$ cat start-v6.txt   # compact mmCIF, C-alpha atoms and all ligand atoms
# COMPACT_ATOMS: atom_id res chain seq x y z
CA MET A 1 0.00 0.00 0.00
CA PHE A 2 2.82 2.42 0.76
CA SER A 3 4.90 1.97 -2.36
CA TYR A 4 3.97 5.40 -3.73
CA ARG A 5 6.85 7.90 -3.74
CA HIS A 6 6.00 11.28 -5.16
CA ALA A 7 9.59 11.89 -6.33
CA PHE A 8 8.82 9.66 -9.35
CA HIS A 9 6.06 12.04 -10.42
CA ALA A 10 7.23 15.48 -9.22
CA GLY A 11 6.51 18.26 -11.71
CA ASN A 12 4.26 16.17 -13.97
CA HIS A 13 1.07 17.52 -15.62
CA ALA A 14 -0.96 16.66 -12.52
CA ASP A 15 1.39 18.65 -10.27
CA VAL A 16 1.20 21.63 -12.64
CA LEU A 17 -2.60 21.74 -12.34
CA LYS A 18 -2.70 20.95 -8.61
CA HIS A 19 0.01 23.37 -7.59
CA SER A 20 -1.18 26.25 -9.82
CA VAL A 21 -4.57 26.01 -8.15
CA PHE A 22 -2.99 25.71 -4.70
CA VAL A 23 -0.80 28.81 -5.20
CA HIS A 24 -3.90 30.74 -6.33
CA ILE A 25 -5.75 29.71 -3.15
CA LEU A 26 -2.79 30.66 -0.93
CA ASP A 27 -2.50 34.06 -2.65
CA TYR A 28 -6.19 34.64 -2.05
CA PHE A 29 -5.87 33.81 1.66
CA ASN A 30 -2.97 36.25 1.92
CA ARG A 31 -5.16 39.12 0.74
CA LYS A 32 -6.51 39.41 4.30
CA ASP A 33 -4.39 39.99 7.39
CA ALA A 34 -6.33 37.47 9.49
CA PRO A 35 -4.19 34.38 10.17
CA TYR A 36 -5.04 30.98 8.72
CA TRP A 37 -3.97 27.34 8.86
CA VAL A 38 -3.02 25.02 6.03
CA ILE A 39 -3.65 21.33 6.67
CA ASP A 40 -2.05 18.98 4.16
CA THR A 41 -3.41 15.46 4.66
CA HIS A 42 -0.96 13.77 2.24
CA ALA A 43 2.18 15.86 2.36
CA GLY A 44 4.88 13.77 0.66
CA ALA A 45 8.54 14.72 1.15
CA GLY A 46 8.01 18.45 0.63
CA LEU A 47 10.80 19.25 -1.81
CA TYR A 48 12.04 17.16 -4.74
CA ASP A 49 15.35 17.06 -6.57
CA LEU A 50 14.54 16.72 -10.26
CA ARG A 51 18.11 15.52 -10.89
CA SER A 52 17.64 12.54 -8.54
CA GLU A 53 17.53 9.01 -9.87
CA TRP A 54 13.88 8.68 -8.88
CA ALA A 55 12.75 11.82 -10.67
CA LEU A 56 14.80 10.91 -13.74
CA THR A 57 13.49 7.32 -13.82
CA ASN A 58 10.16 8.43 -15.26
CA GLY A 59 11.14 11.97 -16.27
CA GLU A 60 7.49 12.96 -15.87
CA PHE A 61 8.40 16.65 -15.41
CA VAL A 62 9.48 16.73 -19.07
CA ASP A 63 5.82 16.64 -20.18
CA GLY A 64 4.73 18.85 -17.29
CA LEU A 65 6.83 21.57 -15.69
CA ASP A 66 9.38 21.67 -18.52
CA ARG A 67 6.76 22.40 -21.16
CA VAL A 68 5.31 25.22 -19.09
CA LEU A 69 8.77 26.64 -18.42
CA GLN A 70 9.42 26.92 -22.15
CA ALA A 71 6.39 29.15 -22.77
CA GLN A 72 6.94 32.83 -23.57
CA GLU A 73 3.49 34.02 -22.55
CA MET A 74 1.18 32.52 -19.99
CA PRO A 75 -1.95 33.16 -17.88
CA VAL A 76 -1.45 34.90 -14.52
CA MET A 77 -2.15 31.68 -12.61
CA ILE A 78 0.77 29.94 -14.31
CA GLU A 79 3.00 32.99 -13.95
CA ARG A 80 2.45 32.89 -10.19
CA TYR A 81 3.06 29.13 -10.05
CA LEU A 82 6.33 29.51 -11.94
CA GLU A 83 7.42 32.37 -9.67
CA GLU A 84 7.15 29.92 -6.79
CA VAL A 85 9.12 27.23 -8.65
CA HIS A 86 11.81 29.79 -9.57
CA ALA A 87 12.04 30.94 -5.94
CA PHE A 88 13.47 27.49 -5.09
CA ASN A 89 15.87 27.62 -8.01
CA PRO A 90 17.73 30.91 -7.69
CA ASP A 91 20.33 29.93 -10.29
CA GLY A 92 17.61 29.90 -12.97
CA VAL A 93 17.63 26.14 -13.68
CA ALA A 94 14.64 24.18 -12.32
CA ASN A 95 16.51 21.50 -10.36
CA PHE A 96 14.25 21.53 -7.32
CA TYR A 97 10.51 21.12 -7.29
CA PRO A 98 8.42 22.45 -4.39
CA GLY A 99 5.62 20.12 -3.28
CA SER A 100 2.49 21.33 -1.53
CA PRO A 101 4.16 21.77 1.92
CA TRP A 102 6.84 23.97 0.39
CA LEU A 103 4.37 26.09 -1.56
CA ALA A 104 2.47 26.56 1.70
CA LEU A 105 5.60 27.44 3.70
CA SER A 106 6.53 30.00 1.09
CA ALA A 107 3.10 31.66 1.39
CA LEU A 108 2.60 31.59 5.16
CA ARG A 109 3.02 34.73 7.24
CA ASP A 110 4.31 34.69 10.83
CA ARG A 111 0.98 33.92 12.47
CA ASP A 112 -0.14 31.30 9.97
CA ARG A 113 0.33 27.60 10.68
CA LEU A 114 1.02 24.45 8.70
CA ARG A 115 -0.07 20.95 9.70
CA LEU A 116 1.36 18.11 7.63
CA PHE A 117 0.35 14.45 7.60
CA GLU A 118 2.53 11.83 5.94
CA MET A 119 2.07 8.16 6.64
CA HIS A 120 5.02 6.65 4.79
CA PRO A 121 7.80 6.40 7.44
CA SER A 122 10.72 7.17 5.09
CA GLU A 123 8.82 9.96 3.36
CA ALA A 124 7.86 11.43 6.76
CA GLU A 125 11.48 11.29 7.85
CA VAL A 126 12.64 13.19 4.76
CA LEU A 127 9.82 15.68 5.28
CA LYS A 128 10.83 16.31 8.92
CA HIS A 129 14.44 16.71 7.88
CA ASN A 130 13.47 19.13 5.10
CA VAL A 131 11.34 21.25 7.45
CA ALA A 132 14.17 21.39 10.01
CA GLU A 133 16.54 22.57 7.26
CA GLN A 134 14.26 25.56 6.65
CA GLY A 135 15.18 26.95 10.06
CA ARG A 136 13.48 28.09 13.20
CA SER A 137 10.59 29.99 11.73
CA ALA A 138 9.45 27.01 9.62
CA LEU A 139 9.83 24.70 12.63
CA ARG A 140 7.72 27.00 14.78
CA GLN A 141 4.95 27.21 12.20
CA THR A 142 4.86 23.59 11.17
CA THR A 143 3.89 20.31 12.80
CA VAL A 144 4.59 17.07 10.95
CA TYR A 145 2.50 14.04 11.91
CA GLU A 146 3.67 10.65 10.78
CA ALA A 147 0.09 9.47 10.67
CA ASP A 148 -2.98 8.80 8.56
CA GLY A 149 -4.15 12.14 7.16
CA PHE A 150 -7.75 11.03 6.65
CA GLU A 151 -8.02 10.20 10.35
CA GLY A 152 -5.83 13.04 11.58
CA LEU A 153 -7.75 15.76 9.75
CA LYS A 154 -10.59 15.57 12.27
CA SER A 155 -8.31 16.55 15.15
CA GLN A 156 -7.31 19.78 13.34
CA LEU A 157 -10.80 21.07 12.54
CA PRO A 158 -11.91 23.71 12.95
CA PRO A 159 -8.55 25.48 13.20
CA PRO A 160 -8.41 28.04 16.02
CA THR A 161 -8.10 30.83 13.45
CA ARG A 162 -11.40 29.79 11.81
CA ARG A 163 -9.72 30.44 8.45
CA GLY A 164 -8.08 27.54 6.74
CA ILE A 165 -7.20 25.52 3.66
CA VAL A 166 -7.28 21.73 3.63
CA ILE A 167 -5.39 20.16 0.77
CA MET A 168 -6.09 16.47 0.16
CA ASP A 169 -3.78 14.75 -2.27
CA PRO A 170 -3.88 10.98 -1.79
CA SER A 171 -2.10 8.74 -4.27
CA TYR A 172 -5.30 6.64 -4.80
CA GLU A 173 -3.16 3.53 -5.25
CA ASP A 174 -5.45 1.99 -2.70
CA LYS A 175 -8.97 2.25 -4.13
CA GLN A 176 -10.29 2.86 -0.59
CA ASP A 177 -8.75 6.33 -0.95
CA TYR A 178 -11.73 7.45 -3.08
CA ARG A 179 -14.22 6.51 -0.37
CA ARG A 180 -12.01 7.83 2.40
CA THR A 181 -11.54 11.17 0.61
CA LEU A 182 -15.29 11.68 0.31
CA GLN A 183 -15.82 10.68 3.93
CA ALA A 184 -13.07 13.04 5.14
CA VAL A 185 -14.56 15.93 3.14
CA ASN A 186 -18.03 15.27 4.55
CA GLU A 187 -16.75 15.03 8.12
CA GLY A 188 -14.47 18.02 7.54
CA LEU A 189 -17.34 20.20 6.36
CA LYS A 190 -19.37 19.26 9.44
CA ARG A 191 -16.58 20.53 11.69
CA PHE A 192 -15.47 23.45 9.52
CA ALA A 193 -18.24 24.44 7.12
CA THR A 194 -16.45 27.56 5.85
CA GLY A 195 -13.09 25.88 5.25
CA CYS A 196 -11.57 25.73 1.78
CA PHE A 197 -11.09 22.05 0.87
CA ALA A 198 -8.97 21.34 -2.22
CA VAL A 199 -9.15 17.73 -3.39
CA TRP A 200 -6.91 16.33 -6.14
CA TYR A 201 -7.90 13.17 -7.96
CA PRO A 202 -6.43 11.19 -10.89
CA LEU A 203 -8.16 10.59 -14.22
CA VAL A 204 -7.73 6.84 -14.54
CA GLN A 205 -10.08 4.20 -15.86
CA ARG A 206 -11.81 3.32 -12.61
CA ARG A 207 -15.45 3.74 -11.76
CA GLU A 208 -14.43 5.10 -8.34
CA VAL A 209 -13.26 8.34 -10.01
CA GLN A 210 -16.72 9.17 -11.29
CA GLU A 211 -18.34 8.05 -8.06
CA LEU A 212 -16.12 10.45 -6.13
CA THR A 213 -16.65 13.47 -8.41
CA ARG A 214 -20.39 12.89 -8.67
CA SER A 215 -20.72 12.69 -4.90
CA LEU A 216 -18.65 15.85 -4.46
CA GLU A 217 -20.75 17.67 -7.06
CA ARG A 218 -23.90 16.82 -5.09
CA LEU A 219 -22.62 18.80 -2.08
CA GLU A 220 -24.45 22.05 -1.47
CA THR A 221 -21.32 23.88 -0.37
CA PRO A 222 -20.05 26.17 -3.18
CA TRP A 223 -17.42 24.47 -5.34
CA VAL A 224 -15.29 24.76 -8.47
CA HIS A 225 -14.33 21.60 -10.35
CA ALA A 226 -11.55 21.58 -12.94
CA SER A 227 -10.15 18.64 -14.85
CA LEU A 228 -7.40 18.40 -17.43
CA THR A 229 -6.95 15.43 -19.78
CA VAL A 230 -3.61 15.27 -21.57
CA ARG A 231 -3.92 12.05 -23.57
CA LYS A 232 -6.31 9.33 -24.60
CA PRO A 233 -6.82 6.64 -21.97
CA ALA A 234 -4.38 3.76 -22.43
CA ASP A 235 -5.73 0.64 -24.16
CA ASP A 236 -4.59 -1.57 -21.29
CA GLY A 237 -6.62 0.52 -18.85
CA PHE A 238 -3.56 1.57 -16.83
CA GLY A 239 -1.93 4.95 -16.35
CA LEU A 240 -2.93 8.52 -15.69
CA HIS A 241 -4.45 10.35 -18.62
CA GLY A 242 -5.21 13.48 -16.65
CA SER A 243 -6.30 14.75 -13.26
CA GLY A 244 -8.74 17.02 -11.52
CA MET A 245 -9.01 19.52 -8.71
CA PHE A 246 -12.23 19.86 -6.76
CA VAL A 247 -12.28 22.95 -4.53
CA LEU A 248 -15.00 23.50 -1.94
CA ASN A 249 -15.54 27.03 -0.63
CA PRO A 250 -13.18 28.27 -3.35
CA PRO A 251 -11.81 31.79 -3.68
CA TRP A 252 -14.39 33.72 -5.74
CA THR A 253 -11.59 34.46 -8.21
CA LEU A 254 -10.77 30.79 -8.91
CA HIS A 255 -13.35 29.96 -11.59
CA ALA A 256 -12.48 32.97 -13.78
CA GLU A 257 -8.74 32.30 -13.45
CA LEU A 258 -9.19 28.65 -14.39
CA ALA A 259 -11.34 29.64 -17.38
CA ARG A 260 -8.31 31.58 -18.66
CA THR A 261 -5.76 28.95 -17.66
CA LEU A 262 -7.25 25.56 -18.61
CA PRO A 263 -7.36 26.10 -22.42
CA TRP A 264 -3.72 27.21 -22.25
CA LEU A 265 -2.74 24.19 -20.16
CA ARG A 266 -4.57 21.85 -22.53
CA ASP A 267 -2.61 23.27 -25.48
CA LYS A 268 0.74 23.22 -23.68
CA LEU A 269 0.44 19.82 -21.99
CA ALA A 270 -1.38 17.88 -24.73
CA VAL A 271 0.26 14.55 -25.54
CA ASP A 272 -2.24 13.69 -28.28
CA ASP A 273 -5.40 15.09 -29.86
CA ARG A 274 -7.60 13.75 -27.06
CA ALA A 275 -6.37 16.47 -24.70
CA THR A 276 -9.25 18.43 -23.22
CA PHE A 277 -10.47 20.15 -20.05
CA SER A 278 -13.66 20.75 -18.13
CA LEU A 279 -14.65 23.48 -15.71
CA THR A 280 -17.86 23.60 -13.71
CA GLN A 281 -19.03 25.31 -10.55
CA ASN A 282 -21.76 25.52 -7.99
CA GLU A 283 -22.06 29.01 -6.59
CA GLY A 284 -24.09 27.76 -3.64
N1 LIG B 301 0.77 16.61 -1.63
C1 LIG B 301 2.12 16.34 -2.10
C2 LIG B 301 2.55 17.46 -3.01
O1 LIG B 301 1.71 18.08 -3.67
O2 LIG B 301 3.75 17.73 -3.04
C3 LIG B 301 2.23 15.01 -2.77
C4 LIG B 301 1.61 13.88 -2.02
S1 LIG B 301 1.67 12.30 -2.76
C5 LIG B 301 0.56 12.43 -4.11
C6 LIG B 301 0.76 11.33 -1.62
C7 LIG B 301 1.48 11.06 -0.32
O3 LIG B 301 0.56 10.55 0.63
C8 LIG B 301 2.59 10.02 -0.41
O4 LIG B 301 3.77 10.58 0.07
C9 LIG B 301 2.13 8.85 0.49
O5 LIG B 301 3.18 8.25 1.20
C10 LIG B 301 1.20 9.56 1.43
N2 LIG B 301 0.11 8.75 2.02
C11 LIG B 301 -0.52 7.66 1.51
N3 LIG B 301 -1.57 7.33 2.31
C12 LIG B 301 -1.62 8.23 3.32
C13 LIG B 301 -2.49 8.45 4.41
N4 LIG B 301 -3.55 7.65 4.63
N5 LIG B 301 -2.24 9.49 5.24
C14 LIG B 301 -1.17 10.30 5.02
N6 LIG B 301 -0.31 10.16 4.00
C15 LIG B 301 -0.54 9.14 3.14
$ encode --input "start-v6.txt" --output "structure tokens"
Amino acid sequence: MFSYRHAFHAGNHADVLKHSVFVHILDYFNRKDAPYWVIDTHAGAGLYDLRSEWALTNGEFVDGLDRVLQAQEMPVMIERYLEEVHAFNPDGVANFYPGSPWLALSALRDRDRLRLFEMHPSEAEVLKHNVAEQGRSALRQTTVYEADGFEGLKSQLPPPTRRGIVIMDPSYEDKQDYRRTLQAVNEGLKRFATGCFAVWYPLVQRREVQELTRSLERLETPWVHASLTVRKPADDGFGLHGSGMFVLNPPWTLHAELARTLPWLRDKLAVDDRATFSLTQNEG
């Protein structure tokens, strides 16, 4: 169950979509002075070396981050995402890739807090080490739990600040993750009805994907749902042909930004002529 290591996938098309949306949400939260918490239920290692053997094994960033980096003009959402990636690569070459905890740490102000869950013992160890390397301020703001994020989320909600972002990014290798994600969102909303919940999911040929998105779309809480397909589904039924982000209680700016960004991403990240996107919302 715990074979997933995000280093193999860092900077791929799914990360580009997920992290562009996440940066937009963080920027929106920073518009107000009031402090907030970020709770990341599936944190990963935090920061990835794109020159490492693992990252190079699949080279997934070549059809993701690298394509976006080569663009001359881009929508504001992508510009902001790339600013964050560049901030971790001051020499101008994208060797390091910031995962969701690092994007959060970069956004947080002094009074904001970060709660990270990572269940894989070696991944959690790297994450703790990486946070410690960031220095005292990051250590003060951040708590890393080597624990199940679906279970642990409950204990964090509502955050004392009553402002918060929950990012849920399971690997879905275990098909129970679809059910557990929905359950965690439902329980989360009961405890923290105004919280922003950002759920990533893979586009793979499994009925659980549609069951999850349909159930989320039935929620009465306002939401924005974006998906990006980069290639036709594989004949053998395996592999990721795209991904989606489902954001509950989204920033009011998110839908319009995605409407500008998704056609651009489809064109830039298309692997074949089946590349497409969808964007829907419920304004509550
Ligand atoms: N959110 C990260 C990012 O954007 O940089 C990537 C996370 S990766 C897709 C999923 C991570 O969840 C893996 O590191 C895996 O070890 C971890 N994981 C799997 N099941 C978990 C669970 N029930 N609770 C917490 N972490 C889990």
$ residues_around --input "start-v6.txt" --residues "region 157-169 of chain A" --least-positions-apart "5" --cutoff "10 Å" --atoms "all atoms listed in the file" --output "VMD selection string"
chain A and resid 18 22 25 to 26 29 34 to 44 100 to 101 104 111 to 116 149 to 150 152 177 181 184 to 185 187 to 202 245 to 250
$ closest_atom_pairs --input "start-v6.txt" --of "region 25-142 of chain A" --to "region 228-243 of chain A" --cutoff "12 Å" --atoms "only C-alpha atoms" --output "CSV"
residue,atom,partner,partner_atom,distance
A:Glu60,CA,A:Leu240,CA,11.3
A:Asp63,CA,A:Val230,CA,9.6
A:Gly64,CA,A:Val230,CA,10.0
$ atom_distance --input "start-v6.txt" --atom1 "CA of Ser278 (chain A)" --atom2 "atom C12 of ligand LIG 301 (chain B)"
27.6 Å
$ closest_residue --input "start-v6.txt" --among "A:His129, A:Arg109, A:Arg180, A:Arg140" --to "ligand LIG 301 (chain B)" --atoms "all atoms listed in the file"
A:Arg180
$ closest_residue --input "start-v6.txt" --among "A:Pro75, A:Pro263, A:Gly46, A:Gly92" --to "ligand LIG 301 (chain B)" --atoms "all atoms listed in the file"
A:Gly46
$ residues_around --input "start-v6.txt" --residues "Phe277 (chain A)" --least-positions-apart "2" --cutoff "12 Å" --atoms "only C-alpha atoms" --output "compact mmCIF listing (two decimals) with C-alpha atoms, keeping the file's coordinate frame"
# COMPACT_ATOMS: atom_id res chain seq x y z
CA LEU A 17 -2.60 21.74 -12.34
CA LEU A 203 -8.16 10.59 -14.22
CA HIS A 225 -14.33 21.60 -10.35
CA ALA A 226 -11.55 21.58 -12.94
CA SER A 227 -10.15 18.64 -14.85
CA LEU A 228 -7.40 18.40 -17.43
CA THR A 229 -6.95 15.43 -19.78
CA VAL A 230 -3.61 15.27 -21.57
CA ARG A 231 -3.92 12.05 -23.57
CA HIS A 241 -4.45 10.35 -18.62
CA GLY A 242 -5.21 13.48 -16.65
CA SER A 243 -6.30 14.75 -13.26
CA GLY A 244 -8.74 17.02 -11.52
CA MET A 245 -9.01 19.52 -8.71
CA LEU A 258 -9.19 28.65 -14.39
CA ALA A 259 -11.34 29.64 -17.38
CA ARG A 260 -8.31 31.58 -18.66
CA THR A 261 -5.76 28.95 -17.66
CA LEU A 262 -7.25 25.56 -18.61
CA PRO A 263 -7.36 26.10 -22.42
CA TRP A 264 -3.72 27.21 -22.25
CA LEU A 265 -2.74 24.19 -20.16
CA ARG A 266 -4.57 21.85 -22.53
CA ASP A 267 -2.61 23.27 -25.48
CA LEU A 269 0.44 19.82 -21.99
CA ALA A 270 -1.38 17.88 -24.73
CA ARG A 274 -7.60 13.75 -27.06
CA ALA A 275 -6.37 16.47 -24.70
CA LEU A 279 -14.65 23.48 -15.71
CA THR A 280 -17.86 23.60 -13.71
$ closest_residue --input "start-v6.txt" --among "A:Gln70, A:Gln176, A:Ser106, A:Gln134" --to "ligand LIG 301 (chain B)" --atoms "all atoms listed in the file"
A:Gln176
$ residues_around --input "start-v6.txt" --residues "Glu133 (chain A)" --least-positions-apart "6" --cutoff "12 Å" --atoms "all atoms listed in the file" --output "list of chain:residue names"
A:Gly46, A:Leu47, A:Trp102, A:Val126, A:Leu127, A:Leu139
$ write_last_selection --input "start-v6.txt" --atoms "C-alpha atoms" --output "short mmCIF file (atom, residue, chain, number, x, y, z; two decimals), in the coordinates of the input"
data_model
loop_
_atom_site.label_atom_id
_atom_site.label_comp_id
_atom_site.auth_asym_id
_atom_site.auth_seq_id
_atom_site.Cartn_x
_atom_site.Cartn_y
_atom_site.Cartn_z
CA GLY A 46 8.01 18.45 0.63
CA LEU A 47 10.80 19.25 -1.81
CA TRP A 102 6.84 23.97 0.39
CA VAL A 126 12.64 13.19 4.76
CA LEU A 127 9.82 15.68 5.28
CA LEU A 139 9.83 24.70 12.63
#
$ closest_residue --input "start-v6.txt" --among "A:Gln72, A:Asn130, A:Ser20, A:Ser137" --to "Ala45 (chain A)" --atoms "only C-alpha atoms"
A:Asn130
$ atom_distance --input "start-v6.txt" --atom1 "CA of Tyr145 (chain A)" --atom2 "CA of Leu219 (chain A)"
29.1 Å
$ residues_around --input "start-v6.txt" --residues "Glu220 (chain A)" --least-positions-apart "5" --cutoff "10 Å" --atoms "all atoms listed in the file" --output "list of chain:residue names"
A:Leu248, A:Asn282, A:Glu283, A:Gly284
$ atom_distance --input "start-v6.txt" --atom1 "CA of Arg179 (chain A)" --atom2 "atom C12 of ligand LIG 301 (chain B)"
13.2 Å
$ closest_residue --input "start-v6.txt" --among "A:Met74, A:Ala124, A:Met119, A:Ala10" --to "ligand LIG 301 (chain B)" --atoms "all atoms listed in the file"
A:Met119
$ closest_residue --input "start-v6.txt" --among "A:Asn12, A:Asn186, A:Ser171, A:Asn95" --to "Asn58 (chain A)" --atoms "all atoms listed in the file"
A:Asn12
$ residues_near_point --input "start-v6.txt" --point "(-16.4, 10.2, -4.8)" --cutoff "6 Å" --atoms "all atoms listed in the file" --output "PyMOL selection string"
chain A and resi 178+182+211-213+215
$ decode --input "start-v6.txt" --residues "region 132-141 of chain A" --atoms "all heavy atoms" --output "CSV table (one decimal), in the first residue's frame"
chain,number,residue,atom,x,y,z
A,132,ALA,N,13.1,20.9,9.1
A,132,ALA,CA,14.2,21.4,10.0
A,132,ALA,C,15.2,22.2,9.3
A,132,ALA,O,15.7,23.2,9.8
A,132,ALA,CB,14.8,20.2,10.7
A,133,GLU,N,15.5,21.8,8.1
A,133,GLU,CA,16.5,22.6,7.3
A,133,GLU,C,16.1,24.0,6.9
A,133,GLU,O,16.9,24.9,6.6
A,133,GLU,CB,16.8,21.8,5.9
A,133,GLU,CG,17.4,20.5,6.0
A,133,GLU,CD,19.0,20.7,5.9
A,133,GLU,OE1,19.4,21.0,4.8
A,133,GLU,OE2,19.6,20.6,7.0
A,134,GLN,N,14.8,24.2,7.0
A,134,GLN,CA,14.3,25.6,6.7
A,134,GLN,C,14.5,26.6,7.8
A,134,GLN,O,14.3,27.7,7.6
A,134,GLN,CB,12.8,25.5,6.4
A,134,GLN,CG,12.4,24.7,5.1
A,134,GLN,CD,13.0,25.3,3.9
A,134,GLN,OE1,12.7,26.5,3.5
A,134,GLN,NE2,13.9,24.6,3.3
A,135,GLY,N,14.8,26.0,9.0
A,135,GLY,CA,15.2,26.9,10.1
A,135,GLY,C,14.1,27.1,11.1
A,135,GLY,O,13.0,26.5,11.0
A,136,ARG,N,14.3,28.0,12.0
A,136,ARG,CA,13.5,28.1,13.2
A,136,ARG,C,12.1,28.5,12.9
A,136,ARG,O,11.1,28.0,13.5
A,136,ARG,CB,14.1,29.1,14.2
A,136,ARG,CG,14.8,28.4,15.3
A,136,ARG,CD,15.2,29.4,16.3
A,136,ARG,NE,16.6,29.6,16.4
A,136,ARG,CZ,17.3,30.6,16.8
A,136,ARG,NH1,16.6,31.6,17.3
A,136,ARG,NH2,18.6,30.7,16.8
A,137,SER,N,11.9,29.5,12.0
A,137,SER,CA,10.6,30.0,11.7
A,137,SER,C,9.7,28.9,11.1
A,137,SER,O,8.5,28.7,11.6
A,137,SER,CB,10.7,31.2,10.8
A,137,SER,OG,9.7,31.3,10.0
A,138,ALA,N,10.2,28.1,10.2
A,138,ALA,CA,9.5,27.0,9.6
A,138,ALA,C,9.1,26.0,10.7
A,138,ALA,O,8.0,25.5,10.7
A,138,ALA,CB,10.2,26.4,8.5
A,139,LEU,N,10.1,25.7,11.6
A,139,LEU,CA,9.8,24.7,12.6
A,139,LEU,C,8.7,25.2,13.6
A,139,LEU,O,7.9,24.4,14.1
A,139,LEU,CB,11.1,24.5,13.4
A,139,LEU,CG,12.1,23.4,12.8
A,139,LEU,CD1,13.4,23.4,13.5
A,139,LEU,CD2,11.5,22.0,12.8
A,140,ARG,N,8.7,26.5,13.9
A,140,ARG,CA,7.7,27.0,14.8
A,140,ARG,C,6.3,27.0,14.2
A,140,ARG,O,5.3,26.7,14.8
A,140,ARG,CB,8.1,28.4,15.1
A,140,ARG,CG,7.3,29.1,16.3
A,140,ARG,CD,7.9,30.5,16.5
A,140,ARG,NE,8.0,31.3,15.3
A,140,ARG,CZ,7.0,31.9,14.7
A,140,ARG,NH1,5.8,31.8,15.1
A,140,ARG,NH2,7.2,32.6,13.6
A,141,GLN,N,6.3,27.1,12.9
A,141,GLN,CA,4.9,27.2,12.2
A,141,GLN,C,4.4,25.8,11.8
A,141,GLN,O,3.2,25.7,11.6
A,141,GLN,CB,5.1,28.0,10.9
A,141,GLN,CG,5.2,29.4,11.0
A,141,GLN,CD,5.3,30.1,9.7
A,141,GLN,OE1,6.2,29.7,8.9
A,141,GLN,NE2,4.5,31.0,9.4
